[in-house]
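Below: upload_10.csv (CSV, C-alpha atoms and all ligand atoms)
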```
chain,number,residue,atom,x,y,z
A,1,MET,CA,-46.4,-8.8,129.1
A,2,ASN,CA,-45.4,-5.7,127.1
A,3,GLU,CA,-47.7,-4.2,124.5
A,4,LYS,CA,-45.5,-5.5,121.6
A,5,ALA,CA,-45.7,-9.1,122.8
A,6,PHE,CA,-49.4,-8.9,123.4
A,7,TYR,CA,-50.1,-7.7,119.9
A,8,SER,CA,-47.8,-10.3,118.4
A,9,ILE,CA,-49.8,-13.0,120.1
A,10,VAL,CA,-53.1,-11.4,118.9
A,11,ILE,CA,-51.8,-11.3,115.4
A,12,ALA,CA,-50.6,-14.9,115.6
A,13,ILE,CA,-54.0,-16.0,116.8
A,14,VAL,CA,-55.8,-14.1,114.0
A,15,VAL,CA,-53.4,-15.4,111.3
A,16,VAL,CA,-53.4,-19.0,112.5
A,17,GLY,CA,-57.1,-18.9,113.2
A,18,GLY,CA,-57.7,-17.4,109.8
A,19,ILE,CA,-55.7,-20.2,108.0
A,20,GLY,CA,-57.6,-22.7,110.0
A,21,VAL,CA,-61.0,-21.3,108.9
A,22,GLY,CA,-59.6,-21.0,105.3
A,23,ILE,CA,-58.7,-24.7,105.3
A,24,ALA,CA,-62.1,-25.7,106.8
A,25,TYR,CA,-63.9,-23.6,104.2
A,26,ASN,CA,-61.7,-24.9,101.4
A,27,HIS,CA,-62.3,-28.4,102.5
A,28,GLN,CA,-66.0,-27.9,102.6
A,29,GLY,CA,-66.0,-26.4,99.1
A,30,SER,CA,-64.0,-29.2,97.5
A,31,THR,CA,-65.7,-32.1,99.3
A,32,PRO,CA,-69.2,-33.2,98.5
A,33,VAL,CA,-71.5,-32.4,101.4
A,34,SER,CA,-74.6,-34.5,101.4
A,35,THR,CA,-77.6,-32.6,102.8
A,36,GLY,CA,-80.2,-34.9,101.4
A,37,ALA,CA,-80.2,-36.0,97.8
A,38,TYR,CA,-81.7,-33.8,95.1
A,39,ASN,CA,-84.1,-35.7,92.7
A,40,LEU,CA,-83.6,-35.1,89.0
A,41,ASP,CA,-86.3,-37.0,87.1
A,42,LEU,CA,-86.1,-37.1,83.4
A,43,VAL,CA,-88.7,-38.5,81.0
A,44,ILE,CA,-88.0,-39.4,77.3
A,45,ILE,CA,-91.1,-39.5,75.1
A,46,PRO,CA,-90.9,-40.5,71.4
A,47,GLY,CA,-93.0,-39.6,68.4
A,48,LEU,CA,-93.6,-35.9,69.2
A,49,TYR,CA,-94.6,-33.7,66.3
A,50,PHE,CA,-91.7,-31.3,65.5
A,51,ASN,CA,-92.8,-29.6,62.2
A,52,SER,CA,-94.0,-30.5,58.8
A,53,THR,CA,-90.6,-31.4,57.3
A,54,VAL,CA,-89.0,-33.2,60.3
A,55,THR,CA,-92.3,-34.6,61.6
A,56,SER,CA,-91.9,-36.8,64.7
A,57,GLN,CA,-89.0,-36.6,67.1
A,58,PRO,CA,-88.2,-37.8,70.6
A,59,ALA,CA,-87.6,-35.3,73.5
A,60,TYR,CA,-86.4,-35.2,77.1
A,61,PHE,CA,-88.6,-33.6,79.8
A,62,VAL,CA,-88.0,-32.8,83.4
A,63,LEU,CA,-90.6,-34.3,85.7
A,64,GLU,CA,-91.2,-32.0,88.7
A,65,ASN,CA,-94.0,-31.8,91.1
A,66,GLY,CA,-96.1,-34.2,89.0
A,67,THR,CA,-95.8,-32.2,85.7
A,68,LEU,CA,-93.5,-32.2,82.7
A,69,HIS,CA,-91.3,-29.2,82.1
A,70,SER,CA,-89.0,-28.3,79.2
A,71,SER,CA,-85.5,-29.7,79.3
A,72,ALA,CA,-84.1,-26.7,77.5
A,73,ASN,CA,-82.7,-25.6,80.9
A,74,ILE,CA,-82.0,-28.3,83.5
A,75,SER,CA,-80.9,-27.0,86.9
A,76,ILE,CA,-79.3,-28.8,89.8
A,77,PRO,CA,-77.7,-27.7,93.0
A,78,SER,CA,-73.9,-28.0,93.4
A,79,ASN,CA,-72.2,-30.0,96.2
A,80,ARG,CA,-75.2,-32.2,96.7
A,81,LEU,CA,-75.9,-35.8,96.0
A,82,ILE,CA,-78.0,-36.0,92.8
A,83,ASP,CA,-80.5,-38.9,92.4
A,84,LEU,CA,-81.0,-39.1,88.7
A,85,THR,CA,-83.9,-41.2,87.4
A,86,ILE,CA,-84.5,-41.5,83.7
A,87,PHE,CA,-87.8,-43.0,82.5
A,88,ASP,CA,-87.5,-43.9,78.8
A,89,TYR,CA,-90.6,-44.7,76.7
A,90,ASP,CA,-88.5,-44.8,73.5
A,91,SER,CA,-86.9,-47.7,71.8
A,92,GLY,CA,-83.6,-48.1,70.0
A,93,PRO,CA,-81.5,-49.3,68.4
A,94,GLY,CA,-78.8,-46.7,68.4
A,95,TYR,CA,-76.5,-47.8,65.7
A,96,GLY,CA,-74.0,-45.1,64.9
A,97,THR,CA,-73.6,-44.0,68.5
A,98,PRO,CA,-69.9,-43.2,69.1
A,99,LEU,CA,-68.8,-46.2,71.3
A,100,VAL,CA,-67.5,-43.9,74.1
A,101,TYR,CA,-71.0,-42.8,74.7
A,102,THR,CA,-72.3,-46.4,75.1
A,103,ASN,CA,-70.2,-46.4,78.4
A,104,VAL,CA,-71.3,-45.0,81.7
A,105,SER,CA,-69.0,-42.2,83.1
A,106,GLY,CA,-69.1,-39.8,85.9
A,107,THR,CA,-71.6,-41.6,88.2
A,108,ILE,CA,-70.9,-42.9,91.7
A,109,GLY,CA,-69.4,-46.3,91.2
A,110,GLY,CA,-69.2,-45.8,87.4
A,111,VAL,CA,-72.6,-47.5,87.0
A,112,VAL,CA,-76.2,-46.9,86.3
A,113,TYR,CA,-78.9,-49.2,87.8
A,114,VAL,CA,-81.4,-50.6,85.3
A,115,LEU,CA,-84.9,-51.1,86.6
A,116,ASN,CA,-86.5,-52.7,83.6
A,117,LYS,CA,-88.9,-55.5,83.0
A,118,THR,CA,-86.6,-57.9,84.9
A,119,MET,CA,-87.5,-56.1,88.1
A,120,ILE,CA,-91.2,-57.0,88.0
A,121,ASN,CA,-92.4,-60.6,87.7
A,122,ALA,CA,-96.1,-60.9,87.8
A,123,THR,CA,-96.3,-64.3,86.3
A,124,ASN,CA,-95.1,-66.6,89.1
A,125,SER,CA,-98.0,-66.2,91.6
A,126,GLY,CA,-101.0,-66.9,89.4
A,127,THR,CA,-103.1,-65.0,91.8
A,128,GLY,CA,-103.0,-61.6,90.2
A,129,SER,CA,-100.7,-60.3,92.9
A,130,ILE,CA,-97.5,-58.7,91.7
A,131,ASN,CA,-94.0,-59.5,92.9
A,132,ILE,CA,-91.5,-56.7,92.8
A,133,LEU,CA,-88.0,-58.1,92.8
A,134,ASN,CA,-85.6,-55.4,94.0
A,135,ASN,CA,-82.9,-56.5,91.7
A,136,SER,CA,-81.9,-53.3,90.0
A,137,ILE,CA,-78.9,-54.2,87.9
A,138,PRO,CA,-75.8,-52.1,87.9
A,139,ILE,CA,-74.4,-51.8,84.4
A,140,LYS,CA,-71.4,-49.9,82.8
A,141,ASN,CA,-72.4,-50.2,79.1
A,142,ILE,CA,-75.4,-50.5,76.8
A,143,SER,CA,-74.8,-51.9,73.4
A,144,GLU,CA,-75.7,-50.0,70.2
A,145,ALA,CA,-78.4,-52.6,69.6
A,146,ASN,CA,-80.1,-51.7,72.9
A,147,ILE,CA,-79.3,-48.1,73.4
A,148,ALA,CA,-82.0,-45.5,72.7
A,149,HIS,CA,-80.5,-42.2,74.0
A,150,THR,CA,-77.7,-40.9,76.2
A,151,PHE,CA,-77.8,-38.1,78.8
A,152,THR,CA,-74.4,-36.4,78.4
A,153,VAL,CA,-73.0,-33.4,80.1
A,154,PRO,CA,-69.5,-32.8,78.7
A,155,ASN,CA,-66.8,-31.6,81.1
A,156,LEU,CA,-69.1,-31.6,84.1
A,157,PHE,CA,-66.3,-32.9,86.3
A,158,GLY,CA,-63.4,-31.0,84.6
A,159,THR,CA,-62.0,-30.9,81.1
A,160,GLY,CA,-62.7,-34.2,79.3
A,161,LYS,CA,-64.5,-35.6,82.3
A,162,ASP,CA,-68.1,-36.1,81.2
A,163,LEU,CA,-71.3,-37.2,82.8
A,164,ASN,CA,-72.6,-39.9,80.4
A,165,VAL,CA,-75.6,-42.1,81.1
A,166,PRO,CA,-76.5,-44.4,78.3
A,167,VAL,CA,-80.3,-45.0,78.3
A,168,GLY,CA,-81.6,-48.4,77.1
A,169,THR,CA,-84.7,-49.2,75.2
A,170,GLN,CA,-87.8,-48.5,77.3
A,171,MET,CA,-85.8,-48.8,80.5
A,172,VAL,CA,-86.0,-47.0,83.8
A,173,GLU,CA,-82.5,-46.2,85.1
A,174,PHE,CA,-81.1,-44.7,88.3
A,175,ALA,CA,-77.7,-43.1,88.9
A,176,GLN,CA,-76.1,-40.8,91.4
A,177,PHE,CA,-73.5,-38.1,91.0
A,178,TYR,CA,-72.2,-34.9,92.5
A,179,ALA,CA,-71.5,-31.7,90.5
A,180,ASN,CA,-69.1,-29.5,92.5
A,181,VAL,CA,-68.3,-26.8,90.0
A,182,THR,CA,-71.0,-24.2,89.4
A,183,GLY,CA,-71.7,-22.9,85.9
A,184,ASN,CA,-73.6,-23.4,82.8
A,185,TYR,CA,-72.9,-26.6,80.8
A,186,SER,CA,-74.4,-28.1,77.8
A,187,TRP,CA,-76.3,-31.4,77.9
A,188,MET,CA,-77.1,-33.5,74.9
A,189,CYS,CA,-78.0,-37.0,73.6
A,190,ASN,CA,-75.2,-38.7,71.6
A,191,VAL,CA,-77.4,-41.3,70.0
A,192,PRO,CA,-78.4,-40.3,66.5
A,193,CYS,CA,-82.0,-40.5,67.6
A,194,GLY,CA,-83.6,-37.5,66.0
A,195,SER,CA,-83.7,-36.4,62.4
A,196,GLY,CA,-80.9,-37.7,60.1
A,197,PRO,CA,-77.2,-37.5,61.0
A,198,GLY,CA,-75.7,-34.1,60.4
A,199,SER,CA,-79.1,-32.5,60.2
A,200,LEU,CA,-79.2,-29.0,61.7
A,201,GLU,CA,-82.9,-29.3,62.3
A,202,GLY,CA,-84.8,-31.6,64.6
A,203,ALA,CA,-84.4,-33.0,68.1
A,204,MET,CA,-80.6,-33.2,68.0
A,205,ALA,CA,-80.2,-29.5,67.2
A,206,THR,CA,-83.0,-28.0,69.3
A,207,PRO,CA,-83.0,-27.0,73.0
A,208,GLY,CA,-85.6,-28.8,74.9
A,209,TRP,CA,-85.6,-31.9,72.7
A,210,MET,CA,-82.2,-33.8,72.7
A,211,MET,CA,-80.0,-30.9,73.9
A,212,GLY,CA,-80.0,-27.9,76.2
A,213,THR,CA,-78.3,-26.1,79.0
A,214,PHE,CA,-77.3,-27.8,82.3
A,215,ILE,CA,-77.1,-25.3,85.1
A,216,VAL,CA,-75.2,-26.1,88.3
A,217,SER,CA,-75.7,-23.4,91.0
B,1,CU,CU,-81.6,-39.1,71.9
```
Give the structure from this file in structure tokens form.
Ligand SMILES: [Cu+2]
Amino acid sequence: MNEKAFYSIVIAIVVVGGIGVGIAYNHQGSTPVSTGAYNLDLVIIPGLYFNSTVTSQPAYFVLENGTLHSSANISIPSNRLIDLTIFDYDSGPGYGTPLVYTNVSGTIGGVVYVLNKTMINATNSGTGSINILNNSIPIKNISEANIAHTFTVPNLFGTGKDLNVPVGTQMVEFAQFYANVTGNYSWMCNVPCGSGPGSLEGAMATPGWMMGTFIVS
């Protein structure tokens, strides 16, 4: 083999190999890789004192390591299955919620699982024991009469493709999703749950209450 042919082969190997690595890398980057789910636990608590004019407001908190943290900045890892659980102590109704936000969007299967009072039936034994029925119910919509809040991250999956989880009155809900594009997003509730509609003050307009930053990194 002459020198020219040898280097041609070396270059061919490097170029083809490089393309192969590039494809593999690109494939990994665009496809969700599950390395164990990340738990994002959110708690909604009503009736918190805001200030003397707005008085009581509801707020989201992040539950982590057994303590509540501000929801002003919520962080999740990219390219990893997110197990989202929302514990809502608040009640509705949520009349005036734009109908699009009463629908689930962006979750795996397009559903959230409701783990509400229907899950636990303590009345049928009569012995004081508690029966836990594992019948979490997948839903795609919560009516205005039953909605209390939403957890919404606009454009999380691309332009116009939102994460939207409607949260029902005093329900515990579970949903899963992947976020594959890193960056800072906004999160907010789209139920007029805080101070009056259009108000610039109160939960709906204050980070750490019903809105904030959603960080995918
Ligand atoms: Cu709300």
* To do: Could the residues that lie within 10 Å of ligand CU 1 (chain B), counting only C-alpha atoms and all ligand atoms, be listed as a list in words?
  =>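 Here is the list of contacting residues: Ile44, Pro46, Gln57, Pro58, Ala59, Tyr60, Asp90, Gly92, Gly94, Thr97, Ile147, Ala148, His149, Thr150, Phe151, Pro166, Val167, Met188, Cys189, Asn190, Val191, Pro192, Cys193, Gly194, Ala203, Met204, Trp209, Met210 and Met211 of chain A.
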* To do: Would you mind reading off the distance between atom CA of A:Val181 and atom CA of A:Val114, one decimal, in Å?
  =>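 Atom CA of A:Val114 lies 27.6 Å from atom CA of A:Val181.
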* Structure fact -> Restricting to all atoms listed in the file, whichever of A:Leu68, A:Ala175, A:Val153, A:Ile45 is closest to A:Gly109 is A:Ala175
* Go through A:Ser78, A:Gln176, A:Thr169, A:Ser186 and flag the residue nearest A:Gly208, using all atoms listed in the file for the distances. =>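 Counting all atoms listed in the file, the residue closest to A:Gly208 is A:Ser186.
Atom pair atom CA of A:His69 / atom CA of A:Ser143 has a distance of 29.4 Å (rounded to one decimal).
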* To do: May I ask which of the residues A:Gly36, A:Gly66, A:Gly183, A:Gly106 is the closest one to A:Val165, counting all atoms listed in the file?
  =>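 Smallest distance to A:Val165 is found for A:Gly106.
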